[in-house]
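**Q** My structure is stored as protein24.txt, with compact mmCIF, C-alpha atoms and all ligand atoms.
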```txt
# COMPACT_ATOMS: atom_id res chain seq x y z
CA MET Q 1 1.44 -12.26 27.73
CA PRO Q 2 0.62 -13.93 24.39
CA LYS Q 3 2.11 -12.18 21.39
CA THR Q 4 0.91 -11.30 17.91
CA LEU Q 5 3.69 -10.54 15.45
CA ILE Q 6 2.98 -8.60 12.28
CA LEU Q 7 5.88 -9.02 9.91
CA TYR Q 8 5.73 -7.28 6.55
CA ASP Q 9 7.58 -5.92 3.57
CA THR Q 10 6.82 -2.84 1.50
CA ARG Q 11 8.55 -0.87 -1.21
CA THR Q 12 6.32 2.14 -1.82
CA GLY Q 13 4.38 2.24 1.46
CA ASN Q 14 1.01 0.71 0.55
CA THR Q 15 1.53 -2.54 2.45
CA ASP Q 16 3.04 -0.47 5.27
CA ARG Q 17 -0.27 1.36 5.69
CA MET Q 18 -2.09 -1.94 5.70
CA ALA Q 19 0.31 -3.31 8.33
CA ARG Q 20 -0.32 -0.34 10.60
CA ALA Q 21 -4.08 -0.92 10.34
CA VAL Q 22 -3.61 -4.63 11.11
CA ALA Q 23 -1.59 -3.60 14.19
CA GLU Q 24 -4.25 -1.11 15.24
CA GLY Q 25 -6.91 -3.82 15.11
CA ALA Q 26 -4.73 -6.25 17.05
CA LYS Q 27 -3.98 -3.62 19.71
CA SER Q 28 -7.71 -3.15 20.32
CA VAL Q 29 -7.69 -6.57 22.02
CA ASP Q 30 -6.73 -6.60 25.70
CA GLY Q 31 -4.05 -8.90 27.04
CA VAL Q 32 -2.07 -9.36 23.83
CA GLU Q 33 1.35 -7.92 23.04
CA VAL Q 34 1.49 -6.63 19.46
CA VAL Q 35 4.80 -6.32 17.61
CA LEU Q 36 4.95 -4.65 14.18
CA LYS Q 37 8.16 -5.16 12.20
CA ARG Q 38 9.51 -5.16 8.69
CA VAL Q 39 11.01 -8.46 7.59
CA ALA Q 40 14.30 -6.63 7.01
CA GLU Q 41 14.44 -5.85 10.76
CA GLY Q 42 14.70 -9.58 11.48
CA SER Q 43 12.33 -12.46 12.01
CA GLY Q 44 13.71 -13.73 15.33
CA GLU Q 45 10.47 -12.98 17.12
CA LEU Q 46 8.68 -15.65 15.08
CA ALA Q 47 9.94 -18.19 17.60
CA ASP Q 48 7.77 -16.96 20.46
CA ALA Q 49 4.84 -15.40 18.59
CA ASP Q 50 1.44 -17.02 19.16
CA GLY Q 51 -0.13 -15.14 16.26
CA ILE Q 52 1.75 -14.51 13.01
CA ILE Q 53 0.41 -12.10 10.39
CA LEU Q 54 2.56 -11.70 7.30
CA GLY Q 55 2.17 -8.97 4.66
CA SER Q 56 3.84 -8.32 1.32
CA PRO Q 57 3.24 -6.55 -1.96
CA THR Q 58 3.02 -8.73 -5.07
CA HIS Q 59 6.19 -8.57 -7.16
CA ASN Q 60 6.20 -10.58 -10.39
CA ALA Q 61 3.25 -12.70 -9.27
CA LYS Q 62 4.91 -13.59 -5.96
CA PRO Q 63 5.58 -12.05 -2.56
CA SER Q 64 8.58 -9.69 -2.53
CA ARG Q 65 12.02 -11.27 -2.58
CA THR Q 66 12.50 -10.52 1.12
CA MET Q 67 9.18 -12.13 2.04
CA THR Q 68 9.83 -15.09 -0.27
CA GLY Q 69 13.10 -15.63 1.60
CA LEU Q 70 11.27 -15.61 4.92
CA LEU Q 71 8.66 -18.09 3.65
CA ALA Q 72 11.43 -20.41 2.45
CA ASN Q 73 12.84 -20.51 5.99
CA LEU Q 74 9.53 -20.81 7.86
CA SER Q 75 10.06 -24.50 8.51
CA GLU Q 76 13.05 -23.66 10.75
CA VAL Q 77 10.62 -22.52 13.44
CA PRO Q 78 7.98 -24.91 14.77
CA LEU Q 79 4.76 -23.04 14.01
CA LYS Q 80 2.23 -25.85 14.18
CA GLY Q 81 -0.91 -24.92 16.07
CA ARG Q 82 -0.37 -21.18 15.96
CA VAL Q 83 -2.81 -18.79 14.33
CA GLY Q 84 -2.04 -16.43 11.48
CA GLY Q 85 -3.13 -14.20 8.67
CA ALA Q 86 -1.93 -12.66 5.41
CA PHE Q 87 -2.29 -9.33 3.63
CA GLY Q 88 -0.72 -7.16 0.97
CA SER Q 89 -1.10 -4.45 -1.62
CA TYR Q 90 -0.96 -5.25 -5.32
CA GLY Q 91 -1.20 -3.58 -8.72
CA TRP Q 92 -3.03 -5.96 -11.06
CA SER Q 93 -2.83 -9.67 -10.20
CA GLY Q 94 -2.20 -9.76 -6.45
CA GLU Q 95 -0.97 -13.31 -5.81
CA ALA Q 96 1.18 -12.60 -2.74
CA PRO Q 97 -1.35 -12.76 0.14
CA GLU Q 98 -2.73 -16.14 -0.91
CA ILE Q 99 0.79 -17.53 -1.44
CA ILE Q 100 1.68 -16.36 2.09
CA ALA Q 101 -1.50 -17.92 3.51
CA GLN Q 102 -0.68 -21.24 1.83
CA ALA Q 103 2.88 -21.17 3.14
CA LEU Q 104 1.59 -20.61 6.69
CA ARG Q 105 -0.93 -23.43 6.31
CA GLY Q 106 1.89 -25.62 5.05
CA GLN Q 107 3.61 -25.16 8.43
CA GLY Q 108 0.45 -26.04 10.35
CA VAL Q 109 -0.61 -22.46 11.08
CA ARG Q 110 -4.38 -21.97 11.33
CA VAL Q 111 -4.94 -19.02 8.97
CA LEU Q 112 -7.87 -16.88 10.12
CA GLY Q 113 -10.02 -14.54 8.07
CA GLU Q 114 -9.48 -13.74 4.42
CA ALA Q 115 -6.11 -13.00 2.86
CA VAL Q 116 -6.64 -9.23 2.68
CA ARG Q 117 -5.66 -7.57 -0.61
CA ALA Q 118 -5.73 -3.86 -1.42
CA LYS Q 119 -5.22 -2.53 -4.93
CA ARG Q 120 -2.40 0.06 -4.80
CA SER Q 121 -3.05 2.58 -2.01
CA PRO Q 122 -5.45 1.02 0.54
CA GLY Q 123 -8.79 2.82 0.87
CA ALA Q 124 -10.97 3.13 3.97
CA ASN Q 125 -12.70 -0.17 3.27
CA ASP Q 126 -9.37 -1.95 2.81
CA LEU Q 127 -8.03 -0.53 6.07
CA THR Q 128 -11.17 -1.69 7.88
CA ARG Q 129 -10.58 -5.21 6.57
CA CYS Q 130 -6.98 -4.97 7.78
CA LYS Q 131 -8.11 -3.91 11.26
CA ASP Q 132 -10.61 -6.78 11.29
CA LEU Q 133 -7.83 -9.23 10.42
CA GLY Q 134 -5.61 -7.94 13.23
CA ARG Q 135 -8.43 -8.06 15.74
CA THR Q 136 -9.54 -11.56 14.70
CA VAL Q 137 -6.04 -13.01 15.09
CA ALA Q 138 -5.39 -11.15 18.37
CA GLU Q 139 -8.72 -12.33 19.81
CA SER Q 140 -7.74 -15.90 19.06
CA VAL Q 141 -4.31 -15.32 20.62
CA ALA Q 142 -5.94 -13.80 23.73
CA THR Q 143 -7.90 -17.04 24.17
CA ILE Q 144 -4.61 -18.97 24.23
CA GLY Q 145 -3.49 -16.60 27.01
CA GLU Q 146 -6.62 -17.34 29.04
CA GLN Q 147 -6.05 -21.08 28.71
CA THR Q 148 -2.49 -20.92 29.97
CA ALA Q 149 -3.10 -18.31 32.72
C1 LIG G 1 9.05 -4.84 -9.63
C2 LIG G 1 7.56 -4.85 -9.40
C3 LIG G 1 6.81 -5.93 -9.80
C4 LIG G 1 5.43 -5.95 -9.61
N1 LIG G 1 4.73 -7.06 -9.98
C5 LIG G 1 3.39 -7.12 -9.71
C6 LIG G 1 2.64 -8.28 -10.05
O1 LIG G 1 3.13 -9.27 -10.60
N2 LIG G 1 1.31 -8.30 -9.78
C7 LIG G 1 0.69 -7.25 -9.16
O2 LIG G 1 -0.50 -7.33 -8.88
N3 LIG G 1 1.37 -6.12 -8.84
C8 LIG G 1 2.70 -6.03 -9.09
N4 LIG G 1 3.41 -4.90 -8.75
C9 LIG G 1 2.69 -3.76 -8.16
C10 LIG G 1 2.81 -3.68 -6.63
O3 LIG G 1 2.37 -4.88 -6.03
C11 LIG G 1 1.96 -2.51 -6.14
O4 LIG G 1 2.52 -1.31 -6.63
C12 LIG G 1 1.83 -2.43 -4.63
O5 LIG G 1 0.90 -1.43 -4.30
C13 LIG G 1 3.15 -2.15 -3.98
O6 LIG G 1 3.03 -2.23 -2.57
P1 LIG G 1 4.01 -1.44 -1.59
O7 LIG G 1 3.66 0.03 -1.70
O8 LIG G 1 3.71 -1.99 -0.23
O9 LIG G 1 5.41 -1.71 -2.04
C14 LIG G 1 4.78 -4.86 -8.97
C15 LIG G 1 5.55 -3.75 -8.58
C16 LIG G 1 6.92 -3.73 -8.78
C17 LIG G 1 7.71 -2.53 -8.33
```
Spit out the file's structure as structure tokens when you get a sec.
Ligand SMILES: Cc1cc2nc3c(=O)[nH]c(=O)nc-3n(C[C@H](O)[C@H](O)[C@H](O)COP(=O)(O)O)c2cc1C
**A**
Amino acid sequence: MPKTLILYDTRTGNTDRMARAVAEGAKSVDGVEVVLKRVAEGSGELADADGIILGSPTHNAKPSRTMTGLLANLSEVPLKGRVGGAFGSYGWSGEAPEIIAQALRGQGVRVLGEAVRAKRSPGANDLTRCKDLGRTVAESVATIGEQTA
């Protein structure tokens, strides 16, 4: 079964709530395995994920240190041709999601949808956009599954 991996970091729980909504949206698509993990739990599953959605809060105008470390090592895994997305909570400037999206594009990942940003605690509208992101990526991943079935 094709797999969508949602890998994220959070310090105070806001990006965590976004990640859970992304996972909920992805799980609404049939025929796709959805894995939700914090970066600190390990990124080994990147190797066999067809869809890769990365989330991080903005810390000092960048993704968190943990996520920045992951982005620096992305080139170790061949990701070309996979689909992806980016999201994250922020306080005032919110650079992280777009930096993540650019890093994915730099590895040949086709980034779908907008880089979803929520200011501080995500509201209902933010969570809807997160669900939409998860569903959009998972739908694309499901198509890959149909092609190889
Ligand atoms: C050390 C630190 C640095 C931060 N730097 C930024 C920043 O440069 N720009 C910004 O928009 N928010 C910044 N924030 C705010 C966080 O992005 C915001 O609180 C976010 O909601 C945290 O997400 P989380 O609950 O998933 O950890 C910073 C927060 C901390 C703790």
**Q** Quick one: pull the distance between atom O1 of ligand LIG 1 (chain G) and atom CA of Q:Ser89, Å, one decimal.
**A** 11.0 Å
**Q** Enter the distance from atom CA of Q:Lys3 to atom CA of Q:Arg110, in Å, rounded to one decimal.
**A**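 Going from atom CA of Q:Lys3 over to atom CA of Q:Arg110, I get 15.5 Å.
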**Q** What does the structure give for the distance between atom CA of Q:Gly106 and atom CA of Q:Ile6, in Å to one decimal?
**A** 18.5 Å
**Q** Select the residues contacting ligand LIG 1 (chain G) at a distance of at most 7 Å, based on all atoms listed in the file, then format the selection as a list of chain:residue names.
**A**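 Listed by chain and ascending number, the contacts are Q:Asp9, Q:Thr10, Q:Arg11, Q:Thr12, Q:Gly13, Q:Asn14, Q:Thr15, Q:Asp16, Q:Ser56, Q:Pro57, Q:Thr58, Q:His59, Q:Asn60, Q:Ala61, Q:Lys62, Q:Gly88, Q:Ser89, Q:Tyr90, Q:Gly91, Q:Trp92, Q:Ser93, Q:Gly94, Q:Glu95, Q:Lys119, Q:Arg120, Q:Ser121.
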**Q** Between Q:Glu41, Q:Glu114, Q:Ile52, Q:Gln107, which is the closest to Q:Glu76 once you count only C-alpha atoms?
**A**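 Comparing Q:Glu41, Q:Glu114, Q:Ile52, Q:Gln107 against Q:Glu76, the winner is Q:Gln107.
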